[in-house]
Every structure is written in structure tokens, then in C-alpha cells.
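File shown: start-v2.txt. Contents: compact mmCIF, C-alpha atoms and all ligand atoms.
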# COMPACT_ATOMS: atom_id res chain seq x y z
CA MET A 1 -244.74 -24.65 114.23
CA ARG A 2 -241.81 -24.97 111.81
CA ILE A 3 -241.76 -28.16 109.75
CA ASP A 4 -238.28 -29.15 111.01
CA ARG A 5 -239.46 -28.95 114.62
CA PHE A 6 -242.71 -30.75 113.81
CA LEU A 7 -240.75 -33.64 112.25
CA SER A 8 -238.10 -33.78 114.99
CA ASN A 9 -240.85 -34.03 117.60
CA LEU A 10 -242.00 -37.29 116.02
CA PRO A 11 -240.36 -40.30 117.66
CA ARG A 12 -239.34 -41.78 114.34
CA PHE A 13 -236.99 -38.98 113.12
CA ASN A 14 -233.89 -37.37 114.58
CA ARG A 15 -232.71 -33.93 113.52
CA GLN A 16 -230.21 -35.20 110.99
CA GLN A 17 -232.84 -37.38 109.33
CA VAL A 18 -235.17 -34.39 109.22
CA ARG A 19 -232.55 -32.27 107.40
CA LEU A 20 -232.04 -35.07 104.90
CA LEU A 21 -235.75 -35.71 104.33
CA LEU A 22 -236.29 -32.05 103.57
CA ALA A 23 -233.24 -31.83 101.28
CA GLU A 24 -234.43 -34.90 99.39
CA ARG A 25 -237.91 -33.34 98.91
CA ARG A 26 -239.58 -36.31 100.57
CA ILE A 27 -241.80 -34.20 102.81
CA SER A 28 -244.94 -32.51 101.57
CA VAL A 29 -247.37 -30.11 103.24
CA ASP A 30 -250.86 -29.96 101.78
CA GLY A 31 -249.61 -31.81 98.72
CA GLN A 32 -246.65 -29.48 98.03
CA PRO A 33 -243.07 -30.74 98.47
CA VAL A 34 -241.23 -28.75 101.13
CA THR A 35 -237.50 -28.07 101.43
CA ASP A 36 -237.51 -24.96 103.63
CA PRO A 37 -237.13 -26.02 107.30
CA ARG A 38 -238.96 -22.83 108.34
CA GLN A 39 -242.16 -23.81 106.50
CA ASP A 40 -245.15 -23.36 108.82
CA VAL A 41 -247.16 -26.43 109.82
CA ARG A 42 -250.52 -25.98 111.49
CA GLU A 43 -253.05 -28.34 113.03
CA PHE A 44 -254.96 -27.97 109.74
CA SER A 45 -252.00 -29.00 107.51
CA ARG A 46 -251.71 -32.43 105.93
CA VAL A 47 -248.11 -33.58 106.28
CA GLU A 48 -246.74 -36.56 104.35
CA CYS A 49 -243.41 -38.34 104.03
CA ASP A 50 -242.98 -40.33 100.80
CA GLY A 51 -246.77 -40.19 100.49
CA GLN A 52 -247.31 -41.67 103.97
CA ILE A 53 -249.49 -39.48 106.19
CA LEU A 54 -247.75 -38.10 109.28
CA GLN A 55 -250.59 -35.73 110.16
CA ALA A 56 -253.98 -35.82 108.45
CA GLY A 57 -254.80 -32.19 109.30
CA LYS A 58 -258.15 -31.34 110.78
CA PRO A 59 -260.56 -29.19 108.78
CA ALA A 60 -260.49 -25.46 109.49
CA ARG A 61 -264.04 -24.23 110.09
CA TYR A 62 -265.46 -20.73 109.73
CA PHE A 63 -269.07 -19.61 110.29
CA MET A 64 -271.01 -16.38 110.07
CA LEU A 65 -273.91 -16.12 112.53
CA HIS A 66 -276.60 -13.48 112.83
CA LYS A 67 -276.55 -13.13 116.59
CA PRO A 68 -280.01 -12.51 118.04
CA GLN A 69 -280.73 -10.55 121.22
CA GLY A 70 -280.78 -12.47 124.48
CA CYS A 71 -277.92 -14.85 123.98
CA VAL A 72 -274.47 -14.89 125.45
CA SER A 73 -271.21 -14.64 123.50
CA ALA A 74 -269.67 -17.53 125.36
CA THR A 75 -269.19 -21.20 124.74
CA VAL A 76 -271.04 -22.19 127.93
CA ASP A 77 -273.33 -20.30 130.31
CA PRO A 78 -275.25 -21.71 133.25
CA GLN A 79 -278.27 -19.39 132.77
CA HIS A 80 -278.70 -18.24 129.21
CA PRO A 81 -278.50 -19.72 125.73
CA THR A 82 -275.12 -19.19 124.09
CA VAL A 83 -274.28 -18.43 120.49
CA LEU A 84 -272.80 -21.91 120.19
CA ASP A 85 -276.19 -23.40 121.10
CA LEU A 86 -277.42 -21.97 117.78
CA LEU A 87 -274.93 -24.03 115.78
CA ASP A 88 -275.83 -27.52 114.67
CA GLU A 89 -272.24 -28.69 114.16
CA PRO A 90 -270.00 -31.47 115.48
CA ASP A 91 -267.09 -30.82 117.86
CA LYS A 92 -268.39 -27.45 119.01
CA SER A 93 -265.89 -27.39 121.87
CA ASP A 94 -263.18 -26.73 119.22
CA LEU A 95 -264.89 -23.52 118.13
CA HIS A 96 -264.43 -20.03 119.49
CA ILE A 97 -265.93 -16.59 118.90
CA ALA A 98 -263.93 -13.96 117.03
CA GLY A 99 -265.08 -10.75 118.71
CA ARG A 100 -267.77 -11.01 121.34
CA LEU A 101 -271.03 -9.07 121.46
CA ASP A 102 -273.08 -8.09 124.50
CA PHE A 103 -276.19 -10.03 125.52
CA ASN A 104 -278.60 -7.74 123.68
CA THR A 105 -276.35 -6.71 120.78
CA THR A 106 -277.32 -8.27 117.46
CA GLY A 107 -275.53 -8.81 114.20
CA LEU A 108 -272.44 -10.27 112.67
CA MET A 109 -270.63 -12.86 114.72
CA LEU A 110 -267.79 -14.97 113.37
CA ILE A 111 -267.05 -18.37 114.84
CA THR A 112 -264.07 -20.54 113.96
CA ASN A 113 -261.55 -23.11 115.17
CA ASP A 114 -258.67 -21.15 113.56
CA GLY A 115 -256.98 -19.03 116.21
CA GLN A 116 -254.57 -17.28 113.81
CA TRP A 117 -257.44 -16.20 111.62
CA SER A 118 -259.54 -14.86 114.50
CA ARG A 119 -256.55 -12.95 115.92
CA ARG A 120 -256.01 -11.24 112.57
CA LEU A 121 -259.64 -10.21 112.65
CA THR A 122 -259.76 -8.86 116.18
CA GLN A 123 -256.30 -7.53 117.06
CA PRO A 124 -256.25 -3.71 117.01
CA HIS A 125 -252.93 -3.55 115.11
CA THR A 126 -254.51 -5.14 112.02
CA LYS A 127 -256.82 -2.10 112.00
CA LEU A 128 -259.86 -3.89 110.60
CA PRO A 129 -262.88 -1.64 111.20
CA LYS A 130 -265.92 -3.08 112.96
CA VAL A 131 -269.06 -1.24 111.93
CA TYR A 132 -272.08 -0.87 114.22
CA TYR A 133 -275.54 0.55 113.71
CA VAL A 134 -276.45 2.40 116.91
CA GLU A 135 -279.66 3.84 118.35
CA THR A 136 -279.50 6.04 121.41
CA GLU A 137 -281.87 7.33 124.09
CA GLN A 138 -280.89 11.01 123.63
CA GLU A 139 -280.10 12.98 120.50
CA ILE A 140 -276.60 12.58 119.09
CA GLY A 141 -274.84 15.94 119.32
CA PRO A 142 -272.68 17.57 116.65
CA GLU A 143 -269.62 17.30 118.93
CA TYR A 144 -269.68 13.49 119.09
CA ALA A 145 -267.90 12.85 115.78
CA ALA A 146 -264.82 14.95 116.62
CA THR A 147 -264.57 13.42 120.11
CA PHE A 148 -264.76 9.89 118.74
CA ARG A 149 -262.22 10.73 116.01
CA ALA A 150 -259.78 12.12 118.61
CA GLY A 151 -260.20 9.00 120.79
CA LEU A 152 -261.60 8.61 124.29
CA TYR A 153 -259.56 7.84 127.38
CA PHE A 154 -260.62 4.57 129.05
CA ALA A 155 -259.28 4.76 132.60
CA PHE A 156 -259.78 1.07 133.39
CA GLU A 157 -257.53 -0.04 130.52
CA ASP A 158 -255.41 3.16 130.71
CA LEU A 159 -255.63 3.72 126.97
CA THR A 160 -257.07 6.10 124.45
CA THR A 161 -259.30 4.51 121.84
CA GLN A 162 -258.12 4.63 118.24
CA PRO A 163 -259.81 7.12 115.91
CA ALA A 164 -263.41 6.07 115.28
CA ASP A 165 -265.63 7.26 112.49
CA LEU A 166 -269.19 8.38 113.30
CA GLN A 167 -271.78 8.86 110.59
CA VAL A 168 -274.94 10.39 112.02
CA LEU A 169 -278.02 8.93 110.32
CA GLY A 170 -280.80 10.59 112.28
CA PRO A 171 -281.36 12.49 115.56
CA LYS A 172 -280.86 9.28 117.58
CA SER A 173 -279.22 6.88 115.16
CA ALA A 174 -275.74 6.54 113.72
CA ARG A 175 -273.22 4.21 112.18
CA LEU A 176 -269.98 3.90 114.12
CA SER A 177 -266.78 2.32 112.85
CA ILE A 178 -264.20 1.32 115.46
CA ILE A 179 -260.84 -0.40 115.16
CA GLU A 180 -260.50 -2.18 118.47
CA GLY A 181 -263.15 -4.06 120.42
CA ARG A 182 -262.76 -3.05 124.06
CA TYR A 183 -265.25 -4.23 126.67
CA HIS A 184 -268.60 -2.45 126.03
CA GLN A 185 -266.68 -0.07 123.80
CA VAL A 186 -269.57 1.48 121.86
CA LYS A 187 -271.75 1.88 124.94
CA ARG A 188 -268.86 3.51 126.84
CA MET A 189 -268.16 5.90 123.97
CA PHE A 190 -271.76 7.13 123.93
CA GLY A 191 -271.75 6.94 127.73
CA HIS A 192 -269.10 9.67 127.68
CA PHE A 193 -271.99 11.96 126.67
CA ASP A 194 -274.40 10.30 129.13
CA ASN A 195 -276.26 8.94 126.17
CA LYS A 196 -277.50 5.38 126.57
CA VAL A 197 -277.28 2.97 123.64
CA ILE A 198 -280.66 1.29 123.26
CA ARG A 199 -279.96 -0.72 120.10
CA LEU A 200 -276.66 -2.02 118.83
CA HIS A 201 -276.14 -4.13 115.73
CA ARG A 202 -272.81 -5.15 114.17
CA GLU A 203 -272.95 -4.92 110.40
CA CYS A 204 -269.38 -5.80 109.39
CA MET A 205 -265.98 -6.84 110.59
CA GLY A 206 -263.34 -5.67 108.14
CA PRO A 207 -264.38 -6.85 104.67
CA LEU A 208 -266.90 -9.38 106.03
CA VAL A 209 -270.49 -8.16 105.92
CA LEU A 210 -273.46 -9.79 107.66
CA ASP A 211 -275.37 -11.75 105.03
CA GLU A 212 -278.81 -10.13 104.91
CA ARG A 213 -280.40 -13.49 104.04
CA LEU A 214 -279.59 -14.72 107.55
CA ALA A 215 -282.43 -14.11 110.00
CA PRO A 216 -281.47 -13.59 113.67
CA GLY A 217 -280.26 -16.94 115.00
CA GLN A 218 -279.32 -18.33 111.57
CA TYR A 219 -275.79 -19.04 110.38
CA ARG A 220 -273.84 -20.31 107.40
CA PRO A 221 -270.27 -21.40 106.64
CA LEU A 222 -268.01 -18.69 105.18
CA SER A 223 -267.07 -19.06 101.53
CA ASP A 224 -263.41 -19.61 100.59
CA ALA A 225 -263.32 -16.08 99.19
CA GLU A 226 -264.56 -14.66 102.52
CA ILE A 227 -262.05 -16.68 104.54
CA CYS A 228 -259.16 -15.47 102.35
CA GLN A 229 -260.07 -11.82 102.85
CA ILE A 230 -258.84 -11.90 106.44
N1 LIG B 1 -269.64 -2.35 121.96
C1 LIG B 1 -270.54 -2.55 122.94
O1 LIG B 1 -270.71 -1.71 123.81
N2 LIG B 1 -271.22 -3.71 122.94
C2 LIG B 1 -271.07 -4.66 121.98
O2 LIG B 1 -271.75 -5.69 122.03
C3 LIG B 1 -270.13 -4.43 120.97
C4 LIG B 1 -269.42 -3.28 120.97

Once you've parsed the file, please lay out its structure as C-alpha cells.
Ligand code: URA
Amino acid sequence: MRIDRFLSNLPRFNRQQVRLLLAERRISVDGQPVTDPRQDVREFSRVECDGQILQAGKPARYFMLHKPQGCVSATVDPQHPTVLDLLDEPDKSDLHIAGRLDFNTTGLMLITNDGQWSRRLTQPHTKLPKVYYVETEQEIGPEYAATFRAGLYFAFEDLTTQPADLQVLGPKSARLSIIEGRYHQVKRMFGHFDNKVIRLHRECMGPLVLDERLAPGQYRPLSDAEICQI
């Protein structure tokens, strides 16, 4: 929200007072004086007037989890353990998953309370590649790479997938890089060739790479440098 709207929404200021406060440099956001009424204020921002706190700003939280097999990418599930059950953190109901994985898919999962950040990571238009290690039931044919690069038509969504990059590693293993994250996307892409995916592991999302020191089920907070890369 813009700072002028944030301030006007408070019962103590009217719009004229808000204009004046900003012009007089009496408002600060995260310790920096603000004069531009369009300055963005988020739930994480600390907002002060003459040094008096108007909003303390809650901490933004970012975690990298090595998702194990057999857990659900959801915040609650009546039957199975969820990825959030693996986190020993307060206020877990504030957290959400940036890019779900299927029940038996393993690998990099990012969890945060920052919706803008997770949208940047997952929205197709930001074009951040998600890289998967894949093992299949049948051999991977030489025609797969060109088909994936051209895009596959998904009738349910009525769209053609964005160009994906396939690197064949062995007769039945490959590394696939995709831009968007449609429902069961990797399995459906190999399914086009009637080839079942029997192992799927996400290695990276954009510049963020699964920390190899994390065993399945373990997690750690992201570093400031990692957070800023998105
Ligand atoms: N594509 C899939 O089919 N499953 C996943 O878990 C992730 C991508």
C-alpha cells in the first residue's frame, strides 16, 4: 500500500495532515525519512512518525526445505503429514509454500510469509527456471528435447507450455528445466510419450539451489543474499 493511504487510514490523520507530515519529513519507513506519497509500505515495514512507532512491522520469514517423499505440499491435510509439520517455527499459519510439489516428489521447497516474494518466484512471466532431476520407466527418446522445447499443449488449461530445456543424462534419466509450474507439469510432459516418471526431484528454483547439506525433511532459513536474489 502507498504510504499516503496507509497514513490516511489511521484514525489520527486526515489527508491534509498526511501531506504535511510527508513534506516535513516527519515520517520514516524502515528508518529512512519518506517524502514520496507513493512509497510502498508493507506488513513487514516499520513506520514511524517523529520517532513514534505507527507500525512495528512483522519479520519477513524465508525457509528452504528438503522435501522428503510421502508428505503433502499443503498447510493442513487430514491424512498425511504436511511440509509445514516439518518446520519447528512459531506462527506457522502465516507461512505458505512457493511452488508446490507432488506427494512423492522430493527436493527444493521454499516456504515464506512474503506473498510478493513468492509470486516473483513462481509466476511464469518472471521466467525463473525450475530444474528437476527425472527418472522414467521407459527410455527417453531423442525426440523428447525438441518437443519440450516447442512446448506441449495442455488441453485442460488451454495453453502451450513455455519452452523447456531437456538434458538427457542416461537412458532413463534427465534434467528438465521448466519456466512455469502447471499441475503435474513434468509428469504430463513425459506422459505425452506414455513414459511414466518414477522419480522426481527439484534441484533449483531460479538462482536458489537446494543446499546439499540438508537431508530429506531438514530445513534452514534463507540467507539475506539468497532472499535478495529473487
Ligand atoms: N511436476 C510434476 O509433475 N510434479 C511435481 O511435483 C513438480 C513438477

Practice task
Within 7 Å of ligand LIG 1 (chain B), which residues show up when you count all atoms listed in the file? List them as a ChimeraX atom specification, please.
Solution key: /A:100-102,105,181,183-188,200

Handout entry: Residue among A:Pro81, A:Gly191, A:Pro216, A:Pro129 lying closest to Arg175 (chain A), counting only C-alpha atoms
Key =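 The answer is A:Pro129, which sits nearest to Arg175 (chain A).
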
Exercise for the section: Mind giving me the straight-line distance from CA of Ile179 (chain A) to CA of Asp94 (chain A) in Å, one decimal? Expected result: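 Computing it gives 26.7 Å between the two atoms.
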
Practice task
For Gly51 (chain A), work out the shell of residues within 10 Å, counting all atoms listed in the file and skipping chain neighbours fewer than 3 positions away, then give it as an MDAnalysis selection string.
Solution key: chainID A and resid 26:28 31 47:48 54

Practice task
To one decimal in Å, tell me the separation between CA of Gly99 (chain A) and CA of Ser73 (chain A).
Solution key: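 Spanning CA of Gly99 (chain A) to CA of Ser73 (chain A) is a straight-line distance of 8.7 Å.
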
Problem - Surrounding residues of Cys204 (chain A) excluding itself and chain neighbours under 4 positions, 6 Å, all atoms listed in the file, as a ChimeraX atom specification - result: /A:130-131,208-210

Problem - Length of the CA of Leu159 (chain A) to CA of Thr126 (chain A) vector [Å] - result: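 These atoms are spaced 17.4 Å apart.
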
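Nearest-residue note for His96 (chain A): choosing from A:Gln123, A:Tyr62, A:Cys71, A:Leu21, the minimum distance belongs to A:Tyr62, counting only C-alpha atoms.
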
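Using only C-alpha atoms, the shortest contact distance between Lys172 (chain A) and any of A:Val34, A:Ile140, A:Leu95, A:Met189 is found at A:Ile140.
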
Handout entry: Neighbour list for Phe63 (chain A) as a count of residues only, cut-off 10 Å, all atoms listed in the file, skip fewer than 4 positions in-chain
Key = 14

Exercise for the section: Give me the residues within 8 Å of region 1-7 of chain A as an MDAnalysis selection string, counting only C-alpha atoms and dropping any in the same chain fewer than 5 places off. Expected result: chainID A and resid 13 15 18:19 37:42

Exercise for the section: Considering only C-alpha atoms, state which residue in the set A:Gln229, A:Gln116, A:Thr160, A:Thr82 is at the smallest distance from Phe44 (chain A). Expected result: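 Ranked by minimum distance to Phe44 (chain A), first place goes to A:Gln116.
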
Excluding Thr106 (chain A) and residues on its chain fewer than 6 positions from it, collect all residues at most 6 Å away from it, counting all atoms listed in the file, and give them as a CSV table (one decimal) with C-alpha atoms, in the coordinates of the input.
chain,number,residue,atom,x,y,z
A,67,LYS,CA,-276.6,-13.1,116.6
A,68,PRO,CA,-280.0,-12.5,118.0
A,69,GLN,CA,-280.7,-10.6,121.2
A,201,HIS,CA,-276.1,-4.1,115.7

Handout entry: Residue among A:Ala74, A:Val29, A:Val197, A:Leu214 lying closest to Ala56 (chain A), counting only C-alpha atoms
Key = A:Val29

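Among the candidates A:Cys228, A:Thr147, A:Ser118, A:Pro171, the one nearest to His192 (chain A) when counting all atoms listed in the file is A:Thr147.
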
So that all listed atoms of region 33-42 of chain A fit with 3 Å spare on each side, what axis-aligned box centre and edge lengths in Å, to one decimal, would you give as lines of an AutoDock Vina configuration file?
center_x = -243.8
center_y = -26.8
center_z = 105.0
size_x = 19.4
size_y = 13.9
size_z = 19.0
